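J.: The structure that follows is given in the form of structure tokens.
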Amino acid sequence: CIRDRITAASSFHTHVRRRPAGPTFLYLQAIFDVVLVTTVVHITGGPDSDFVTLYVPLVAVNAGGSPVMPGSDAFWAWPFEQGGEFGGRRPMDMMPVGSEMPRDMKGAVRPGENTTIAIVATDAALSKVELKRLTIMATDGFARALRPVHTPFDGDLLFGVSTAKKKIGKARPRDVMRLGHVAADCLARAIARGVYEARTLGSVQSYRERFPESR
């Protein structure tokens, strides 16, 4: 089927050819994942489908910025971690944070080779305006997890999705504010988790290979 062919092509591109996942590749993969899940949910009952839980925070991280704090193996997103989901590392003897570029950024960042793409999904019944506001607030998660972020070399993108399964209260602006706040923290966690779970690809060393004590 189409799903299997795309998955096979993705594996061949990154693991056999040892090619880095560029923005176009990640855009297409993320869009395909959303379309696939949306199709499954739609044909099995819409908001009442048992597959609604397939809408999980999804992030493809290939950022030019650094996800860890200077002189440390702790993620910038460490305050938001839950249950040791990305190693449970905490800043100890962290170097001062100055205005210079992080030393552990990608070697030579070039346009068109870096991006972080994410999807934030909720089951709250939001209007288009409310969902847009939630998505705007959620983009703060990029800055909570990466430094620097939104650079001229990155193609950062965030999608907002709602299954509209649960109604929110009468104080809608306050509820939207809380949802957006939580979504930003969740996005920061997802970015750190993506980096933590990644494997070494070619000359690009993975986090857990660089910091073996974090496993």
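Chain lettering (A, B, ...) mirrors the order of the structure tokens, residue numbering begins at 1 for each chain separately, and ligand numbering begins at 1 in order of display.
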Write out as an NGL selection string each polymer residue whose atoms come within 6 Å of Ala138 (chain A), counting only C-alpha atoms; drop sequence neighbours fewer than 6 positions from it.
T.: :A and (180 or 183-184)
J.: Select, from A:Ile117, A:Met69, A:Leu126, A:Ala74, the residue with the minimum atom-to-atom distance to Val176 (chain A), counting only C-alpha atoms.
T.: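 Counting only C-alpha atoms, the residue closest to Val176 (chain A) is A:Leu126.
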J.: Would you mind listing what lies within 6 Å of Ala121 (chain A) as JSON, numbers by chain, with only C-alpha atoms counted and same-chain residues fewer than 4 positions away left out?
T.: {"A": [160, 161, 162]}
J.: Could you take the residues named above and write them with N, CA and C atoms, as a compact mmCIF listing (two decimals), in the first residue's frame?
T.:
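Written out: selection21.txt:
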# COMPACT_ATOMS: atom_id res chain seq x y z
N GLY A 160 -1.70 23.07 13.73
CA GLY A 160 -2.63 22.90 14.83
C GLY A 160 -3.83 22.10 14.36
N VAL A 161 -4.22 21.09 15.13
CA VAL A 161 -5.32 20.20 14.75
C VAL A 161 -6.25 20.01 15.94
N SER A 162 -7.55 20.00 15.69
CA SER A 162 -8.53 19.74 16.75
C SER A 162 -9.54 18.70 16.27
J.: Let me make sure I understand: among A:Glu197, A:Glu113, A:Glu81, A:Glu130, which one has the smallest atom-to-atom distance to Arg144 (chain A) if we use only C-alpha atoms?
T.: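 Nearest to Arg144 (chain A): A:Glu81.
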J.: Between A:Leu134, A:Ala77, A:Ala171, A:Val61, which residue has the minimum interatomic distance to Asp156 (chain A), considering only C-alpha atoms?
T.: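 Checking each of A:Leu134, A:Ala77, A:Ala171, A:Val61 against Asp156 (chain A), counting only C-alpha atoms, the winner is A:Val61.
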J.: Between CA of Thr122 (chain A) and CA of His150 (chain A), what is the distance, to one decimal in Å?
T.: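 For CA of Thr122 (chain A) relative to CA of His150 (chain A), the distance reads 24.3 Å.
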J.: Separation of CA of Ala60 (chain A) and CA of Thr116 (chain A), in Å?
T.: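 A separation of 5.6 Å between them.
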